[in-house]
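Peer 1: Quick one: this structure, given as structure tokens, is what I'll be asking you about.
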Number of protein chains: 2
Amino acid sequence: MKLDKCLTSDNINQNLLNIQYAVRGPIVQRAMQIERELEKGVVKPFDRVVRANIGDCHALGQKPITFIRQVLALAACPHLVSSVDVPEDVRQRVKEILGDCTQGSVGAYSPCTGLRIVRSRVAQYLQKRDGVPASPDDIYLGSGASDVIKAVLTMFVEDVDGKPPAVMIPIPQYPLFSGTLSELGLRQADYYLEEEHDWALSVEELERCWREASVDCHVRALVVINPGNPTGQVLTRRNMEQVVRFAYERGLFLLADEVYQENIVSKRFHSFKKVMHEMGAPYSSMELASFVTCSKGWAAECGLRSGFVELVRVELKVSAAFNTARGVMQCPTVLGQCILDCVMKPPSPGEPSYEQFAKEKRLIHQVLTERTETAYKTFNTIPGYSCNPIDGSMFAYPRIEIPSRAQEAAAELGMTPDEFYCLRLLEETGVCVVPGTGFGQLPGTFHFRTTILHPREEFRYMMEAFKRFHHNFLDNYS
Amino acid sequence: MKLDKCLTSDNINQNLLNIQYAVRGPIVQRAMQIERELEKGVVKPFDRVVRANIGDCHALGQKPITFIRQVLALAACPHLVSSVDVPEDVRQRVKEILGDCTQGSVGAYSPCTGLRIVRSRVAQYLQKRDGVPASPDDIYLGSGASDVIKAVLTMFVEDVDGKPPAVMIPIPQYPLFSGTLSELGLRQADYYLEEEHDWALSVEELERCWREASVDCHVRALVVINPGNPTGQVLTRRNMEQVVRFAYERGLFLLADEVYQENIVSKRFHSFKKVMHEMGAPYSSMELASFVTCSKGWAAECGLRSGFVELVRVELKVSAAFNTARGVMQCPTVLGQCILDCVMKPPSPGEPSYEQFAKEKRLIHQVLTERTETAYKTFNTIPGYSCNPIDGSMFAYPRIEIPSRAQEAAAELGMTPDEFYCLRLLEETGVCVVPGTGFGQLPGTFHFRTTILHPREEFRYMMEAFKRFHHNFLDNYS
């Protein structure tokens, strides 16, 4: 009689065992456990857990944009149109979107790339952003940016000249990249951002990374995250030009994760598409995949899973194959597509929803700006902390000093020093952040990533908690 | 100066080039082209294209279930609660679901497996369906069943004892399976359903398939589609027991695509979980993945992308790895999860929404029953057509006779005979169906799949079109 399982850790796709995703990792699991303990009345030095592990604005109390939600409600339930009190531009928008849905139902499949009307709005948005032509045919909608990033990376899974494929990613990085490379069995080639130069990309470092990886791999693509996650920097235009030239020289396909482009507090955001275009030939004819999502920006509709990739200047057979692979999964959620429509073409001045929209958007931006500045200042006043200027995103990634006695204590528990630090922080203050190990860091340096968009009182508590905790931590382990 | 593309059909992931997905394939592309030609005023022997290629009820005019859409609208826009006139159980349902969303927003991420409340409702539904315990911890929500089917198949991508992995799938099959196996580089081992026995599974054929595939592969999993797609049969309990015993003897992981379990017109549906449970040891402790979706059944909310897999009795390390891989993609759409909640726990007798819900559901079932019976009868009255009884799903898969002169004409155009037949059908009648080649068929036999849930007038036109066309086709090519 066979009692063994068919599928075991020995014979499962081994790539899956290599996936690490600290944003939902062990420290976060522990935070959830603590929440349950608190519910049961277990006494802790704090009343509740402060989740600062994931970039999820609504979970931090940000209110949804009214226009978006009104459109969603009526798109889902058009017969409410006659009975609810919503502005005329909401009705008009719903009419336009449903006019492009088969039989006017969001419950019918859309084309696998997304509704035509939404892809057209995306193209208009990009054209306005960059002053460069954009085509709906280059737009592929997905269930969030994650979905299309994975789909694009999948195209590179193929040995070239007998060498396994590798993809260059920044360190620190958002672990969607490392996790997806692991799942796909693509080699990860790390290039380090320069912490001492506000997380800039140095071409020397890109070259070093490429050279070392090229010994036994074929480096096929280069990922750039701008604005940075977890690092929050916005790249300068000059720096972007250097990156483009490097990618061109080394024949690398450029993947631009630009999902935080609307979360900017200082500096100007330039898209890679625009920079390449303005650099002229030969750079203006390079392939490019750029990713945008509704989970970030002022909409911040994480739960509704909507994003897209603009895939430009790729070979026809490549886009055809990409399209077929997407088609097997049918289509991204049509209500998610409705949100993207609203984000790409929000209410304009003079339209009935504009005033409220502008007010809501302004408030969101004020919170982002205020928290970013406060976090930056606070982290630089804590002895043993240092933090680069934060230009955008919704994170801070401070560097922290961890005394050697604490490092030894971590090693005894089989943890990295920053994991140990974050776990102690959680246990003592209830603040849940993600250790730098989850994003990557220069060996010997330690960081954590924290979201910073909490409600004012909670944010204050957090900032105080970091101060107090680090003080005690140094006392205990110095 | 480098002018070549980085990514070409030569160096792209070659698996992607092998994907075939006829449900959105060349005939469907041609149908879309014809639609545009008609719009431009090109004269055709028909006024409009009848899309019968995809199982998309809303696209065929089926009205959404009011309860579901009211819940969706209020979940998206809770502040409408005070102003809209909806039944109390809708309000209550929205309150329950939003109570499980972080900060009460569907725009916040859910756990990657799905909201706890929805997974609990799924477990209750399964328990009631089968009379067998079910746990929310075994439920993983996805963006439709396709998403979770792909995720489960991904686990089998690993050589075993030096042999490449293979997965057994029925022929004919729904090409999500063949397409996904192609993308993942898993070998496809075909077992043929017995057309002469109402598309039953014969154990001899399963054995033959396994034996032949095992020469150079390690067969790891067995896919069963019940009710069948495209074939519409519901397996008998005895047949299911045979399949379970076979899977047990050969150490195969059973994947049960049971997405059409609510689209039944005759026979009783048994889930594999129930059958395995009732067979007792050792079968009751076998691993199983069973797939369900909101895109099918009476909800038929294809566009909203919601489904789940129940993954039972798998090794802890396996479910942990599955979970981590799912987590990298964050979570399935929360509004899709709301629909699943409604489908798993629809209004009950006595609740305010019940009467309307029951009426809507009854109408949907009436249409399914009536169309199924008519399609079955009609196809069996056309000389040269034959069609097995259709127990469920929303398709017919008639077998068609194609004269040898037509087969030669097809070959000259580089098409299979059934592709040629379907293309001619489209060009002459505007009816767009999918050739049997897209699903698989015994060599020398020819079929097509057609959806059958069209509005009455369109359905009549279709049935007439098949008759007339086939008559002319035989005239032309006999």
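Naming works like this for the structure tokens: A, B, ... for the chains as they're shown, residue 1 at the start of each chain, ligands 1 onward in shown order.
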Can you pull out the residues contacting Met32 (chain A)? Cut-off 12 Å, using only C-alpha atoms, and skip same-chain residues under 2 positions away; I want them as a VMD selection string.
Peer 2: (chain A and resid 24 to 30 34 to 39 48 to 51 53 426 to 427 430 to 432) or (chain B and resid 111)
Peer 1: Now that the selection is made, can you save its residues with N, CA and C atoms as a compact mmCIF listing (two decimals), in the first residue's frame?
Peer 2:
# COMPACT_ATOMS: atom_id res chain seq x y z
N ARG A 24 5.67 39.56 2.97
CA ARG A 24 4.66 38.73 3.64
C ARG A 24 5.35 37.58 4.37
N GLY A 25 6.58 37.81 4.83
CA GLY A 25 7.42 36.75 5.37
C GLY A 25 7.21 36.47 6.86
N PRO A 26 8.21 35.80 7.49
CA PRO A 26 8.08 35.32 8.87
C PRO A 26 7.78 36.41 9.89
N ILE A 27 8.37 37.59 9.72
CA ILE A 27 8.12 38.67 10.70
C ILE A 27 6.65 39.09 10.61
N VAL A 28 6.12 39.12 9.39
CA VAL A 28 4.73 39.49 9.21
C VAL A 28 3.81 38.40 9.76
N GLN A 29 4.22 37.16 9.57
CA GLN A 29 3.46 36.05 10.15
C GLN A 29 3.39 36.19 11.67
N ARG A 30 4.54 36.55 12.24
CA ARG A 30 4.59 36.73 13.70
C ARG A 30 3.68 37.89 14.13
N ILE A 34 0.73 37.85 16.86
CA ILE A 34 0.63 38.78 17.99
C ILE A 34 -0.75 39.44 18.01
N GLU A 35 -1.26 39.78 16.82
CA GLU A 35 -2.61 40.37 16.77
C GLU A 35 -3.63 39.43 17.40
N ARG A 36 -3.49 38.15 17.10
CA ARG A 36 -4.43 37.19 17.68
C ARG A 36 -4.23 37.05 19.19
N GLU A 37 -2.96 37.12 19.62
CA GLU A 37 -2.68 37.07 21.06
C GLU A 37 -3.31 38.26 21.78
N LEU A 38 -3.18 39.44 21.16
CA LEU A 38 -3.77 40.65 21.76
C LEU A 38 -5.29 40.50 21.88
N GLU A 39 -5.89 39.97 20.81
CA GLU A 39 -7.34 39.74 20.83
C GLU A 39 -7.75 38.85 21.99
N ARG A 48 -1.67 47.56 20.13
CA ARG A 48 -1.97 46.93 18.84
C ARG A 48 -0.74 46.96 17.93
N VAL A 49 -0.79 46.08 16.93
CA VAL A 49 0.31 45.98 15.99
C VAL A 49 0.18 47.10 14.96
N VAL A 50 1.29 47.75 14.65
CA VAL A 50 1.31 48.76 13.59
C VAL A 50 1.93 48.13 12.36
N ARG A 51 1.10 47.88 11.35
CA ARG A 51 1.59 47.23 10.13
C ARG A 51 2.29 48.25 9.25
N ASN A 53 4.60 46.99 6.95
CA ASN A 53 5.36 46.07 6.10
C ASN A 53 5.00 46.15 4.62
N LEU A 426 9.33 44.44 16.75
CA LEU A 426 7.94 43.99 16.74
C LEU A 426 7.50 43.56 18.14
N GLU A 427 8.31 42.75 18.78
CA GLU A 427 7.93 42.19 20.08
C GLU A 427 7.84 43.28 21.15
N GLY A 430 5.41 46.55 18.83
CA GLY A 430 4.26 46.24 17.98
C GLY A 430 4.41 46.76 16.56
N VAL A 431 5.54 47.41 16.27
CA VAL A 431 5.73 47.95 14.92
C VAL A 431 6.32 46.87 14.02
N CYS A 432 5.64 46.61 12.91
CA CYS A 432 6.04 45.53 12.00
C CYS A 432 6.65 46.11 10.73
N PRO B 111 -5.34 38.85 2.35
CA PRO B 111 -4.32 37.80 2.39
C PRO B 111 -4.20 37.17 0.99
Peer 1: Select residues of chain B: the criterion is any atom within 6 Å of an atom of chain A, counting only C-alpha atoms; output as a ChimeraX atom specification.
Peer 2: /B:6,9,12-13,16-17,58-59,69,73,76-77,102-103,106-109,146,155-158,176,253,301-305,317-318,321,328-329,333-334
Peer 1: Give me the residues within 9 Å of Arg268 (chain A) as a count of residues only, counting only C-alpha atoms and dropping any in the same chain fewer than 4 places off.
Peer 2: 5
Peer 1: Please compute the CA of Pro398 (chain A)-CA of Val275 (chain A) distance, one decimal, in Å.
Peer 2: 29.7 Å
Peer 1: At a cut-off of 6 Å, using only C-alpha atoms, what residues contact Phe291 (chain A)? Leave out same-chain residues fewer than 2 positions from it and give the result as a VMD selection string.
Peer 2: chain A and resid 257 to 258 308 to 309
Peer 1: Given the selection you just returned, output its residues as a file containing N, CA and C atoms, formatted as a tab-separated table (two decimals), in the first residue's frame.
Peer 2:
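Written output follows (result_14.tsv):
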chain	number	residue	atom	x	y	z
A	257	ASP	N	10.43	49.51	-13.88
A	257	ASP	CA	9.35	49.49	-12.89
A	257	ASP	C	9.13	50.94	-12.46
A	258	GLU	N	8.10	51.54	-13.00
A	258	GLU	CA	7.84	52.97	-12.75
A	258	GLU	C	6.53	53.15	-11.99
A	308	PHE	N	-0.60	47.75	-15.85
A	308	PHE	CA	-0.32	47.45	-17.26
A	308	PHE	C	1.16	47.51	-17.52
A	309	VAL	N	1.53	46.92	-18.66
A	309	VAL	CA	2.87	47.12	-19.19
A	309	VAL	C	2.72	47.78	-20.55
Peer 1: CA of Ser393 (chain B) to CA of Tyr260 (chain B): how many Å, to one decimal?
Peer 2: 5.3 Å
Peer 1: How many Å lie between CA of Phe272 (chain B) and CA of Ser284 (chain B), rounded to one decimal?
Peer 2: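 Taking CA of Phe272 (chain B) as the start and CA of Ser284 (chain B) as the end point, the length is 10.2 Å.
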Peer 1: Tell me which protein, DNA and RNA residues are within 9 Å of Phe466 (chain B), counting only C-alpha atoms, leaving out same-chain ones fewer than 6 positions away, and put them as a list in words.
Peer 2: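 Those residues are Phe379, Ile382, Leu425, Thr429 and Val431 of chain B.
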Peer 1: Find the residues around Met415 (chain B) up to 12 Å (only C-alpha atoms counted), leave out those fewer than 3 positions away in its own chain, and share them as a list in words.
Peer 2: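 Those residues are Pro26, Ile27, Ala406, Gln407, Glu408, Ala409, Ala410, Ala411, Glu412, Asp418, Glu419, Phe420, Tyr421, Cys422, Leu423, Arg424, Pro435 and Thr437 of chain B.
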Peer 1: Could you pull the residues within 9 Å of Ser271 (chain B), counting only C-alpha atoms, minus those fewer than 3 positions along the same chain, as a list in words?
Peer 2: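 That gives Arg129, Asp130, Asn226, Ala256, Glu258, Gln261, Lys274, Val275, Met276 and Ser290 of chain B.
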Peer 1: What parts of region 369-445 of chain A does DSSP call strand (DSSP E)? I'd like the answer as number ranges by chain.
Peer 2: A: 385-386, 395-396, 399-400, 431-432, 434-435
Peer 1: As a ChimeraX atom specification, please: every residue in region 96-273 of chain A that a backbone DSSP assignment puts in helix (DSSP H, G or I).
Peer 2: /A:96-99,102-104,116-130,136-138,144-154,176-184,195-197,203-214,237-249,272-273
